[in-house]
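Participant: My structure file protein28.cif, mmCIF, C-alpha atoms and all ligand atoms, is below:
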data_structure
#
loop_
_atom_site.label_atom_id
_atom_site.label_comp_id
_atom_site.auth_asym_id
_atom_site.auth_seq_id
_atom_site.Cartn_x
_atom_site.Cartn_y
_atom_site.Cartn_z
CA MET A 20 -12.67 61.13 121.52
CA LYS A 21 -13.51 58.63 124.26
CA ILE A 22 -16.37 56.13 124.47
CA ARG A 23 -18.73 57.14 127.25
CA SER A 24 -21.39 54.42 126.92
CA ALA A 25 -22.31 51.33 124.91
CA ASP A 26 -25.99 50.39 125.12
CA VAL A 27 -27.77 47.37 123.68
CA ILE A 28 -31.30 47.87 122.36
CA VAL A 29 -33.47 44.81 121.72
CA THR A 30 -36.70 45.54 119.86
CA SER A 31 -39.25 43.52 117.91
CA PRO A 32 -41.17 45.63 115.40
CA GLY A 33 -42.48 42.53 113.58
CA ARG A 34 -39.20 40.67 114.11
CA ASN A 35 -36.35 40.85 116.60
CA PHE A 36 -33.40 43.21 116.16
CA VAL A 37 -30.38 43.75 118.40
CA THR A 38 -28.66 47.12 118.03
CA LEU A 39 -25.61 48.57 119.76
CA ARG A 40 -25.39 52.31 120.31
CA ILE A 41 -22.00 53.77 121.23
CA THR A 42 -21.90 57.33 122.60
CA THR A 43 -18.70 59.38 122.84
CA ASP A 44 -17.74 62.05 125.38
CA ASP A 45 -18.30 64.74 122.75
CA GLY A 46 -21.87 63.57 122.21
CA LEU A 47 -21.55 61.65 118.92
CA THR A 48 -23.45 58.38 118.60
CA GLY A 49 -22.93 55.39 116.33
CA LEU A 50 -25.10 52.32 115.65
CA GLY A 51 -24.18 48.72 114.87
CA ASP A 52 -26.43 45.77 113.98
CA ALA A 53 -25.94 42.60 116.10
CA THR A 54 -29.04 40.63 115.03
CA LEU A 55 -28.64 36.84 114.86
CA ASN A 56 -32.00 35.45 113.80
CA GLY A 57 -33.40 32.99 116.36
CA ARG A 58 -30.45 33.44 118.78
CA GLU A 59 -30.78 37.19 119.40
CA LEU A 60 -30.39 37.27 123.18
CA ALA A 61 -27.07 35.40 123.09
CA VAL A 62 -25.48 38.32 121.20
CA ALA A 63 -27.23 40.89 123.41
CA SER A 64 -25.70 39.22 126.49
CA TYR A 65 -22.25 38.91 124.85
CA LEU A 66 -22.33 42.64 124.18
CA ARG A 67 -23.85 43.77 127.49
CA ASP A 68 -21.98 41.43 129.81
CA HIS A 69 -18.60 41.02 128.11
CA VAL A 70 -17.96 43.78 125.57
CA ALA A 71 -19.63 47.02 126.73
CA PRO A 72 -17.62 47.20 129.99
CA LEU A 73 -14.36 46.97 127.97
CA LEU A 74 -15.33 49.84 125.68
CA ILE A 75 -15.82 52.58 128.29
CA GLU A 76 -12.97 55.16 128.13
CA ARG A 77 -11.47 53.60 124.97
CA ASP A 78 -10.49 55.94 122.11
CA ALA A 79 -13.46 55.78 119.69
CA THR A 80 -11.25 56.65 116.71
CA ARG A 81 -9.12 53.46 117.00
CA ILE A 82 -11.33 51.14 114.94
CA GLU A 83 -8.72 48.60 113.78
CA ASP A 84 -7.18 48.37 117.24
CA THR A 85 -10.60 47.83 118.85
CA TRP A 86 -11.42 45.12 116.30
CA GLN A 87 -8.18 43.27 117.07
CA TYR A 88 -8.66 43.80 120.82
CA LEU A 89 -12.11 42.19 120.74
CA TYR A 90 -11.21 39.42 118.25
CA ARG A 91 -7.76 38.36 119.49
CA GLY A 92 -8.32 39.57 123.03
CA ALA A 93 -11.23 37.18 123.65
CA TYR A 94 -8.93 34.18 122.91
CA TRP A 95 -12.06 32.29 121.66
CA ARG A 96 -12.41 33.21 118.00
CA ARG A 97 -15.01 33.34 115.27
CA GLY A 98 -18.52 31.89 115.51
CA PRO A 99 -21.74 33.76 114.74
CA VAL A 100 -22.33 35.15 118.25
CA THR A 101 -18.81 36.54 118.70
CA MET A 102 -18.59 37.92 115.18
CA ALA A 103 -22.02 39.61 115.33
CA ALA A 104 -20.93 41.32 118.56
CA VAL A 105 -17.61 42.44 117.06
CA ALA A 106 -19.50 43.61 113.95
CA ALA A 107 -21.82 45.80 115.99
CA VAL A 108 -18.93 47.58 117.74
CA ASP A 109 -16.99 48.00 114.50
CA THR A 110 -19.98 49.36 112.56
CA ALA A 111 -20.90 51.79 115.35
CA LEU A 112 -17.32 53.13 115.43
CA TRP A 113 -17.34 53.63 111.63
CA ASP A 114 -20.68 55.47 111.98
CA ILE A 115 -19.08 57.77 114.58
CA LYS A 116 -15.90 58.34 112.55
CA ALA A 117 -17.90 59.27 109.46
CA LYS A 118 -20.18 61.58 111.44
CA ALA A 119 -17.11 63.25 112.98
CA ALA A 120 -15.74 63.75 109.45
CA GLY A 121 -19.11 65.11 108.28
CA MET A 122 -19.16 62.53 105.47
CA PRO A 123 -21.22 59.51 104.44
CA LEU A 124 -19.29 56.36 105.36
CA TYR A 125 -18.64 55.39 101.72
CA GLN A 126 -16.40 58.46 101.38
CA LEU A 127 -14.08 57.09 104.08
CA LEU A 128 -14.01 53.74 102.24
CA GLY A 129 -12.60 55.38 99.12
CA GLY A 130 -15.63 57.15 97.65
CA ALA A 131 -18.26 55.99 95.17
CA SER A 132 -17.26 53.53 92.45
CA ARG A 133 -20.77 53.58 90.90
CA ILE A 134 -23.98 55.58 90.92
CA GLY A 135 -25.89 52.95 92.91
CA ALA A 136 -25.98 49.28 93.89
CA LEU A 137 -28.02 46.90 91.71
CA ALA A 138 -30.55 45.23 94.02
CA TYR A 139 -32.40 41.93 93.71
CA GLY A 140 -35.77 41.22 95.29
CA HIS A 141 -37.51 37.98 96.29
CA ALA A 142 -40.34 36.83 94.02
CA SER A 143 -42.13 33.71 95.18
CA GLY A 144 -45.37 31.82 94.74
CA ARG A 145 -46.95 28.58 95.85
CA ASP A 146 -47.57 27.82 92.17
CA LEU A 147 -46.62 29.31 88.78
CA PRO A 148 -49.46 31.86 88.42
CA GLU A 149 -48.72 33.22 91.93
CA LEU A 150 -45.00 33.36 91.12
CA MET A 151 -45.59 35.22 87.83
CA ASP A 152 -47.72 37.79 89.69
CA SER A 153 -44.97 38.21 92.25
CA VAL A 154 -42.35 38.76 89.51
CA ARG A 155 -44.61 41.37 87.88
CA ALA A 156 -45.12 43.12 91.25
CA HIS A 157 -41.34 43.27 91.77
CA LEU A 158 -40.80 44.69 88.27
CA ALA A 159 -43.45 47.32 89.03
CA GLN A 160 -41.54 48.29 92.19
CA GLY A 161 -38.48 48.92 90.03
CA TYR A 162 -36.41 45.77 90.66
CA ARG A 163 -34.05 44.92 87.79
CA ALA A 164 -32.97 41.52 89.16
CA ILE A 165 -35.20 38.92 90.79
CA ARG A 166 -34.79 35.79 92.90
CA ILE A 167 -37.20 32.99 92.02
CA GLN A 168 -38.50 30.50 94.65
CA THR A 169 -41.64 28.36 94.35
CA GLY A 170 -43.69 25.75 96.09
CA ILE A 171 -42.91 22.14 95.17
CA PRO A 172 -45.82 19.84 94.25
CA GLY A 173 -46.38 17.46 97.16
CA LEU A 174 -44.70 19.64 99.82
CA ASP A 175 -46.74 21.87 102.13
CA SER A 176 -44.29 24.69 102.78
CA VAL A 177 -40.92 25.44 101.24
CA TYR A 178 -38.11 27.87 102.13
CA GLY A 179 -38.44 31.23 100.38
CA VAL A 180 -42.13 30.94 99.54
CA ALA A 181 -43.18 33.66 101.86
CA ALA A 182 -45.86 33.15 104.43
CA SER A 183 -47.83 36.39 104.67
CA SER A 184 -45.90 37.63 107.75
CA ALA A 185 -42.50 36.94 106.22
CA ALA A 186 -43.58 38.53 102.92
CA ALA A 187 -44.30 41.75 104.80
CA GLY A 188 -40.79 41.72 106.25
CA ASP A 189 -41.73 40.25 109.63
CA ARG A 190 -40.51 37.10 111.41
CA TYR A 191 -41.51 33.57 110.54
CA ASP A 192 -44.67 32.39 112.27
CA TYR A 193 -43.85 29.97 115.02
CA GLU A 194 -45.99 27.13 116.24
CA PRO A 195 -48.56 28.00 118.82
CA ALA A 196 -48.11 26.20 122.15
CA ARG A 197 -48.33 22.45 121.62
CA ARG A 198 -50.13 21.85 124.90
CA SER A 199 -52.43 24.37 126.52
CA ALA A 200 -50.12 24.93 129.50
CA ASP A 201 -47.06 25.15 127.23
CA THR A 202 -46.14 28.77 126.55
CA ARG A 203 -42.85 28.13 124.78
CA ALA A 204 -42.35 29.34 121.21
CA LEU A 205 -41.27 26.35 119.14
CA PRO A 206 -39.88 26.34 115.62
CA VAL A 207 -42.26 25.40 112.84
CA GLU A 208 -41.30 22.03 111.30
CA GLU A 209 -41.32 21.61 107.52
CA THR A 210 -41.01 18.51 105.35
CA TRP A 211 -38.58 18.25 102.48
CA ASP A 212 -37.97 16.04 99.42
CA THR A 213 -34.88 16.88 97.34
CA ARG A 214 -35.84 14.63 94.39
CA ALA A 215 -39.21 16.39 94.00
CA TYR A 216 -37.37 19.74 94.18
CA LEU A 217 -34.82 18.74 91.52
CA ARG A 218 -37.59 17.63 89.15
CA HIS A 219 -39.60 20.83 89.61
CA VAL A 220 -37.14 23.75 89.64
CA PRO A 221 -35.97 23.59 85.99
CA THR A 222 -39.61 23.65 84.80
CA VAL A 223 -40.15 26.83 86.82
CA PHE A 224 -37.18 28.62 85.24
CA GLU A 225 -38.29 27.48 81.79
CA ALA A 226 -41.70 29.08 82.41
CA VAL A 227 -40.25 32.30 83.85
CA ARG A 228 -37.85 32.75 80.90
CA ALA A 229 -40.72 32.05 78.46
CA GLU A 230 -42.81 34.77 80.16
CA PHE A 231 -40.17 37.44 80.86
CA GLY A 232 -37.54 36.88 78.15
CA PRO A 233 -33.78 36.38 78.27
CA GLU A 234 -32.56 39.67 79.74
CA LEU A 235 -33.88 39.83 83.31
CA PRO A 236 -31.21 38.60 85.78
CA LEU A 237 -32.70 35.64 87.71
CA LEU A 238 -31.34 34.14 90.91
CA HIS A 239 -32.17 31.06 92.98
CA ASP A 240 -31.38 29.94 96.55
CA GLY A 241 -30.92 26.20 97.21
CA HIS A 242 -30.70 26.93 100.97
CA HIS A 243 -28.04 24.26 101.74
CA ARG A 244 -30.27 21.27 100.94
CA MET A 245 -28.48 19.38 98.17
CA THR A 246 -25.57 16.95 98.14
CA PRO A 247 -22.70 18.02 95.84
CA ILE A 248 -23.78 15.65 93.05
CA GLN A 249 -27.42 16.83 93.30
CA ALA A 250 -26.23 20.45 93.14
CA ALA A 251 -24.08 19.64 90.12
CA ARG A 252 -27.13 18.16 88.40
CA LEU A 253 -29.29 21.22 89.19
CA GLY A 254 -26.58 23.63 88.02
CA LYS A 255 -26.40 21.77 84.68
CA ALA A 256 -30.17 21.59 84.31
CA LEU A 257 -30.45 25.37 84.87
CA GLU A 258 -27.74 26.34 82.34
CA PRO A 259 -30.24 27.01 79.49
CA TYR A 260 -31.96 29.64 81.70
CA ASP A 261 -28.79 31.67 82.30
CA LEU A 262 -28.99 32.25 86.06
CA PHE A 263 -27.21 35.20 87.67
CA TRP A 264 -26.39 32.73 90.47
CA LEU A 265 -27.31 29.54 92.25
CA GLU A 266 -26.92 30.23 95.97
CA ASP A 267 -26.08 27.90 98.89
CA ALA A 268 -26.35 24.76 96.78
CA THR A 269 -24.74 22.65 99.55
CA PRO A 270 -24.16 23.20 103.29
CA GLY A 271 -21.69 26.05 103.66
CA GLU A 272 -19.21 24.46 106.06
CA ASP A 273 -18.00 21.97 103.41
CA GLN A 274 -15.83 24.12 101.13
CA ALA A 275 -14.51 21.10 99.19
CA ALA A 276 -18.07 20.27 98.03
CA LEU A 277 -17.93 23.29 95.72
CA ARG A 278 -15.09 21.66 93.75
CA LEU A 279 -17.37 18.88 92.60
CA ILE A 280 -20.20 21.27 91.65
CA ARG A 281 -17.78 23.55 89.79
CA GLN A 282 -16.42 20.67 87.70
CA HIS A 283 -19.89 19.97 86.33
CA THR A 284 -21.58 23.29 85.67
CA THR A 285 -21.07 26.83 84.42
CA THR A 286 -24.01 28.17 86.44
CA PRO A 287 -22.46 30.91 88.65
CA LEU A 288 -22.29 30.02 92.35
CA ALA A 289 -22.79 32.14 95.47
CA ILE A 290 -22.26 31.15 99.10
CA GLY A 291 -21.49 32.61 102.50
CA GLU A 292 -24.52 34.00 104.37
CA VAL A 293 -23.83 31.65 107.30
CA PHE A 294 -20.07 32.28 107.27
CA ASN A 295 -18.47 34.58 109.79
CA SER A 296 -14.85 35.03 108.77
CA VAL A 297 -12.46 35.12 105.84
CA TYR A 298 -11.20 31.68 106.92
CA ASP A 299 -14.52 30.17 105.81
CA TYR A 300 -13.63 31.25 102.26
CA THR A 301 -9.95 30.44 101.81
CA THR A 302 -10.40 27.36 99.58
CA LEU A 303 -13.38 28.89 97.79
CA LEU A 304 -11.45 32.04 96.84
CA SER A 305 -8.00 30.67 96.09
CA GLU A 306 -9.43 27.88 93.87
CA ARG A 307 -12.08 30.21 92.36
CA LEU A 308 -14.88 27.82 93.31
CA ILE A 309 -17.49 30.57 93.70
CA ASP A 310 -18.45 33.74 91.86
CA TYR A 311 -20.10 35.76 94.65
CA VAL A 312 -19.42 36.33 98.36
CA ARG A 313 -22.72 36.29 100.32
CA SER A 314 -21.56 37.51 103.75
CA ALA A 315 -23.33 40.18 105.79
CA VAL A 316 -21.59 43.05 107.58
CA THR A 317 -23.60 41.96 110.64
CA HIS A 318 -22.32 38.37 110.76
CA THR A 319 -18.76 38.81 109.52
CA GLY A 320 -17.19 41.14 112.07
CA GLY A 321 -18.31 44.45 110.60
CA VAL A 322 -17.18 46.88 107.93
CA THR A 323 -13.46 46.39 108.74
CA ALA A 324 -13.52 42.61 108.28
CA LEU A 325 -15.87 42.52 105.29
CA ARG A 326 -13.83 45.15 103.45
CA LYS A 327 -10.71 42.99 103.87
CA LEU A 328 -12.62 39.89 102.75
CA LEU A 329 -13.94 41.64 99.63
CA ASP A 330 -10.48 42.97 98.77
CA HIS A 331 -9.16 39.41 99.10
CA ALA A 332 -11.96 38.13 96.83
CA ALA A 333 -11.09 40.84 94.29
CA VAL A 334 -7.65 39.27 93.80
CA TYR A 335 -9.47 36.26 92.31
CA GLY A 336 -12.03 38.27 90.33
CA ILE A 337 -14.81 37.23 92.74
CA ARG A 338 -17.55 39.77 93.41
CA SER A 339 -19.87 40.77 96.23
CA GLY A 340 -23.51 39.76 96.65
CA LEU A 341 -24.06 40.80 100.25
CA HIS A 342 -26.75 39.22 102.38
CA GLY A 343 -29.77 41.52 102.81
CA PRO A 344 -32.88 39.72 104.09
CA THR A 345 -35.14 41.43 106.62
CA ASP A 346 -33.32 39.84 109.56
CA ILE A 347 -30.40 42.15 108.73
CA SER A 348 -31.58 45.38 110.41
CA PRO A 349 -31.71 48.70 108.53
CA VAL A 350 -28.41 49.51 110.29
CA GLY A 351 -26.76 46.39 108.83
CA MET A 352 -28.33 47.13 105.44
CA ALA A 353 -26.98 50.69 105.41
CA ALA A 354 -23.49 49.44 106.28
CA ALA A 355 -23.70 47.01 103.33
CA LEU A 356 -24.77 49.81 100.98
CA HIS A 357 -21.74 51.97 101.85
CA LEU A 358 -19.46 49.01 101.03
CA ASP A 359 -21.44 48.26 97.84
CA LEU A 360 -20.94 51.78 96.61
CA ALA A 361 -17.23 51.89 97.43
CA VAL A 362 -15.67 48.53 96.52
CA HIS A 363 -14.59 47.89 92.94
CA ASN A 364 -15.71 44.24 92.89
CA PHE A 365 -19.40 44.88 93.66
CA GLY A 366 -21.77 42.34 92.09
CA ILE A 367 -25.31 42.73 93.41
CA GLN A 368 -27.10 43.51 96.70
CA GLU A 369 -29.99 41.49 98.16
CA PHE A 370 -32.81 43.86 99.17
CA MET A 371 -35.88 42.47 100.90
CA GLN A 372 -37.71 45.51 102.14
CA HIS A 373 -38.35 46.03 105.87
CA SER A 374 -41.89 46.38 107.18
CA ALA A 375 -43.45 49.77 107.95
CA ARG A 376 -43.20 48.94 111.69
CA THR A 377 -39.47 48.28 111.42
CA LEU A 378 -38.99 51.57 109.58
CA GLU A 379 -40.82 53.41 112.40
CA VAL A 380 -38.07 52.26 114.77
CA PHE A 381 -35.15 52.66 112.36
CA ARG A 382 -35.17 56.00 110.53
CA THR A 383 -33.35 55.30 107.28
CA SER A 384 -32.12 57.62 104.55
CA TYR A 385 -31.08 55.09 101.89
CA THR A 386 -32.99 55.19 98.62
CA PHE A 387 -34.13 52.65 96.00
CA THR A 388 -34.53 54.23 92.57
CA ASP A 389 -34.76 52.48 89.17
CA GLY A 390 -33.52 49.24 90.67
CA LEU A 391 -30.47 50.84 92.32
CA LEU A 392 -29.84 51.36 96.03
CA HIS A 393 -27.92 54.36 97.38
CA PRO A 394 -26.91 54.83 101.05
CA SER A 395 -27.57 58.64 100.88
CA ASP A 396 -25.11 61.44 101.65
CA THR A 397 -26.13 61.81 105.29
CA PRO A 398 -22.96 61.84 107.45
CA GLY A 399 -22.24 58.42 108.99
CA LEU A 400 -24.33 55.37 108.12
CA GLY A 401 -27.48 57.45 107.64
CA VAL A 402 -29.70 55.47 110.04
CA GLU A 403 -30.95 56.51 113.48
CA LEU A 404 -32.92 54.51 116.03
CA ASP A 405 -36.02 55.99 117.69
CA ASP A 406 -35.85 54.76 121.32
CA GLU A 407 -39.49 55.45 122.09
CA ALA A 408 -40.69 53.56 119.04
CA ALA A 409 -38.28 50.68 119.86
CA ALA A 410 -39.58 50.43 123.44
CA ALA A 411 -43.11 49.93 122.12
CA PHE A 412 -42.03 46.59 120.56
CA PRO A 413 -40.52 44.34 123.26
CA TYR A 414 -38.58 41.15 122.40
CA GLU A 415 -40.62 38.12 121.40
CA PRO A 416 -39.13 34.62 121.22
CA ALA A 417 -38.93 33.41 117.61
CA TYR A 418 -37.09 30.72 115.68
CA LEU A 419 -36.33 29.82 112.10
CA PRO A 420 -38.15 26.67 110.94
CA VAL A 421 -36.62 23.20 111.29
CA ASN A 422 -36.63 20.88 108.26
CA ARG A 423 -37.20 17.10 108.16
CA LEU A 424 -37.15 14.54 105.36
CA GLN A 425 -40.36 12.58 104.80
CA ASP A 426 -39.10 9.75 107.06
CA GLY A 427 -38.55 12.24 109.90
CA THR A 428 -34.78 12.69 109.61
CA VAL A 429 -33.63 16.23 110.41
CA HIS A 430 -32.33 17.92 107.25
CA ASP A 431 -30.77 21.32 106.50
CA TRP A 432 -33.39 24.07 106.42
C1 LIG A 501 -31.82 33.71 102.92
C2 LIG A 501 -32.19 34.23 104.24
O1 LIG A 501 -31.74 35.90 102.14
C3 LIG A 501 -31.40 34.75 101.93
O2 LIG A 501 -30.79 34.38 100.95
O3 LIG A 501 -31.19 32.53 102.76
O4 LIG A 501 -33.55 34.59 104.13
C4 LIG A 501 -32.02 33.30 105.44
O5 LIG A 501 -32.90 32.23 105.39
C5 LIG A 501 -32.24 34.11 106.68
O6 LIG A 501 -31.37 35.19 106.71
C6 LIG A 501 -32.06 33.28 107.94
O7 LIG A 501 -32.14 34.11 109.05
MG MG A 502 -29.83 32.61 101.13
#
Represent the structure contained in this file as C-alpha cells.
Facilitator:
Amino acid sequence: MKIRSADVIVTSPGRNFVTLRITTDDGLTGLGDATLNGRELAVASYLRDHVAPLLIERDATRIEDTWQYLYRGAYWRRGPVTMAAVAAVDTALWDIKAKAAGMPLYQLLGGASRIGALAYGHASGRDLPELMDSVRAHLAQGYRAIRIQTGIPGLDSVYGVAASSAAAGDRYDYEPARRSADTRALPVEETWDTRAYLRHVPTVFEAVRAEFGPELPLLHDGHHRMTPIQAARLGKALEPYDLFWLEDATPGEDQAALRLIRQHTTTPLAIGEVFNSVYDYTTLLSERLIDYVRSAVTHTGGVTALRKLLDHAAVYGIRSGLHGPTDISPVGMAAALHLDLAVHNFGIQEFMQHSARTLEVFRTSYTFTDGLLHPSDTPGLGVELDDEAAAAFPYEPAYLPVNRLQDGTVHDW
C-alpha cells in the first residue's frame, strides 16, 4: 500500500486547525492533526514544503519506520513545530492502518481496557456566583469531573475564565488594529499578580467544596505562573479540598522545580501540555515527581510516540491526563480517545467541547455519555473532514494572549 498524496488543509471554523490527509494508491485516506495554536502556518509549511514530498511512494503500512525516518532523518530534533508535523503523519498512518483492518484504532492498540474515558470539563466564572452556575451547567451536561478557574479580585482578565468566544470553543479574541492603518492581528495583553492569585484560589475551592460536597473530582490549572516555592504553598493550601490535580504549577521546561513542590505537598501534580517528547519527562517520571502526563497526541509526535511515553510512565505508576482543549482538533481528540481506551494507566481526559462550526468541518463519531468519552467503533480514528465546509472558513491570524506583571514585565501566560 503506497502513499499517493499528502495534503495539508488549513481551516478556521471559529479557530485555526491544520490537518494532514494522506491518501494511498488503493484509495484509503487517513487524517492527522497538526494544529499549533498561534503558530499554525509554521507547521503547515513544514508539512507541505519538507515532509509531503518525502512521503509520496512510501509504504503506508510502515508506521514506525516512517516515524524514525522523519524524526532521525531531519537531523534537527524535537520542538513543537517538528513534533506536530511528525504527529500528523503518524496519526494519519494509524488511521489508514485501522481502516484497512476494518477496526477502530483502539483495537490495534490492544483493545479496550475500560468502557469509556472519564472526562473533565472547564467550569469558570468571573466571580463565585458565575462559577457556581458554570459548575452546575457542567454537571447538567453529564461531566463527572470539573476544572475550576475564576477571576481574581483586582485583575481584569485571567487565564481560563472564558471570554464568550473561547467559551463557545472558538479562538481567543485578539486586539483590533492599534492604529487605523494597522491591519495586523496582535495578541491581547493581560496583567497578572501572583500574590493576589495565591490569596484568592483557596477561598474559591473552600466555597466550591461547601456547595458541591466532597466527592466531585476538582482540578485546577496554574498555567505556569508560579515559582516553585509559591506552587508549594498553593499545593499545601489546597490539600483540605482534595484536588484531583494541580496542573502546570511552574513553567514546564524546569523539571527540577517539581522536586521542591513535591517535597512540600501531597496535592497531585500534572504537567506536560507544552512538552513534545519523552525527554521532557525523564526526571519527572524516574523520580516520580508528577502524577499525570498532560501531553497531546498532536504535540508529542503522534500515537506511536505517546503510546511509548505512557508505557514508560506506567513503570512508575504515573497515569495519563491527555491535553484536550479546543485547539486540539477533533482529529487529535479522537486519537487521544483511542489511547485512553486502550492503555492500562489511563487517568482522565480533558474534554472542552468544539463549537458547532468546527463540528460542521470535522465529522466526528466519538460519544460523551454519563461523563465518559468513547471513540466509537467506526474503523480508523472515526473522524472525517468535509473539504467544502473547511474551504468556507479560511485561515485567520490569531494569537494566544501575552501576560505582564503590574510593572510591565513579561510573565508566563
Ligand atoms: C490549557 C490550554 O487546556 C489546558 O489545560 O492550559 O487551554 C492552553 O492554554 C491552550 O491549549 C494553549 O493553546
Ligand atoms: Mg493547561
Participant: Within 9 Å of Ser143 in chain A, counting all atoms listed in the file, which residues qualify if same-chain residues fewer than 4 places away don't, as a PyMOL selection string?
Facilitator: chain A and resi 147+149-154+166-170+179-181
Participant: Neighbours of ligand MG 502 (chain A) at 8 Å or closer, counting only C-alpha atoms and all ligand atoms: which residues, as a list in words?
Facilitator: Asp240, Gly241, His242, Glu266, Asp267, Ile290, Glu292 and His342 of chain A
Participant: A:Glu306, A:Asp114, A:Asp330, A:Asp431: which is nearest ligand LIG 501 (chain A), counting all atoms listed in the file?
Facilitator: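 Closest to ligand LIG 501 (chain A), using all atoms listed in the file: A:Asp431.
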Participant: Enumerate residues in contact with ligand LIG 501 (chain A): an atom-to-atom distance of at most 9 Å, counting only C-alpha atoms and all ligand atoms. Format the result as a ChimeraX atom specification.
Facilitator: /A:55-57,141,178-179,239-243,266-267,292-293,313,342-347,369-371,418-419,432
Participant: With all atoms listed in the file as the counted atoms, please give the residues lying no more than 8 Å from Asp405 in chain A, apart from itself and same-chain residues fewer than 3 positions off, as a list of chain:residue names.
Facilitator: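 After dropping sequence-adjacent residues, the list is A:Glu379, A:Val380, A:Phe381, A:Arg382, A:Ala408, A:Ala409.
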Participant: Which polymer residues have any atom within 7 Å of an atom of Asp212 in chain A, counting only C-alpha atoms, with same-chain residues fewer than 2 positions away left out, as a list of chain:residue names?
Facilitator: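 Neighbouring residues, sequence-local ones excluded: A:Arg214, A:Ala215, A:Tyr216, A:Leu424, A:Gln425.
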Participant: Could you please take those selected residues and save C-alpha atoms as an mmCIF file, in the frame of the given file?
Facilitator:
data_model
loop_
_atom_site.group_PDB
_atom_site.id
_atom_site.type_symbol
_atom_site.label_atom_id
_atom_site.label_comp_id
_atom_site.auth_asym_id
_atom_site.auth_seq_id
_atom_site.Cartn_x
_atom_site.Cartn_y
_atom_site.Cartn_z
ATOM 1 C CA ARG A 214 -35.840 14.630 94.390
ATOM 2 C CA ALA A 215 -39.210 16.390 94.000
ATOM 3 C CA TYR A 216 -37.370 19.740 94.180
ATOM 4 C CA LEU A 424 -37.150 14.540 105.360
ATOM 5 C CA GLN A 425 -40.360 12.580 104.800
#
Participant: Choose the residue, out of A:Pro233, A:Gly140, A:Gly173, A:Gly336, that has the smallest atom-to-atom separation from Gln372 in chain A; count all atoms listed in the file.
Facilitator: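 Of all the options, A:Gly140 lies closest to Gln372 in chain A.
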Participant: Find the residues of range 108-195 of chain A that sit at most 9 Å from range 62-83 of chain A; for each, write down the nearest two atoms and how far apart they are in Å, to one decimal. Count all atoms listed in the file. Sort by chain, then by number going up, and give it as CSV.
Facilitator:
residue,atom,partner,partner_atom,distance
A:Val108,CA,A:Val70,CA,8.8
A:Asp109,CA,A:Ile82,CA,6.5
A:Leu112,CA,A:Ala79,CA,6.3
A:Trp113,CA,A:Ile82,CA,7.3
A:Ile115,CA,A:Ala79,CA,7.9
A:Lys116,CA,A:Thr80,CA,6.5
Participant: Any idea what's packed within 12 Å of range 268-273 of chain A, counting all atoms listed in the file, ignoring anything in its chain fewer than 3 positions away? Could you give it as JSON, numbers by chain?
Facilitator: {"A": [213, 217, 239, 240, 241, 242, 243, 244, 245, 246, 247, 248, 249, 250, 251, 252, 253, 254, 264, 265, 276, 277, 278, 279, 280, 281, 286, 287, 288, 289, 290, 291, 292, 293, 294, 295, 296, 298, 299, 300, 301, 302, 303, 309, 312, 313, 314, 430, 431, 432]}
Participant: Restricting the calculation to only C-alpha atoms: of A:Ala361, A:Ile22, A:Val29, A:Leu378, which residue gets closest to Pro416 in chain A?
Facilitator: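 Result for the nearest residue to Pro416 in chain A: A:Val29.
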Participant: Quick check, in Å to one decimal: how far apart do CA of Thr38 in chain A and CA of Arg338 in chain A lie?
Facilitator: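 Computing the Euclidean distance for CA of Thr38 in chain A and CA of Arg338 in chain A yields 28.0 Å.
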Participant: Expressed in Å to a single decimal, how great is the separation between CA of Pro349 in chain A and CA of Val362 in chain A?
Facilitator: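 About the pair CA of Pro349 in chain A and CA of Val362 in chain A: they are 20.0 Å apart.
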Participant: Work out how far CA of Thr317 in chain A is from CA of Ser24 in chain A, in Å to one decimal.
Facilitator: 20.6 Å
Participant: Could you name the residues that touch Thr377 in chain A at 9 Å or less, counting only C-alpha atoms, but leaving out those on the same chain fewer than 5 positions away, as a VMD selection string?
Facilitator: chain A and resid 31 to 34 188 to 189 348 to 349 382 409
Participant: In terms of the shortest atom-to-atom distance over all atoms listed in the file, which of A:Ala256, A:Met122, A:Val27, A:Val421 is closest to Glu209 in chain A?
Facilitator: A:Val421
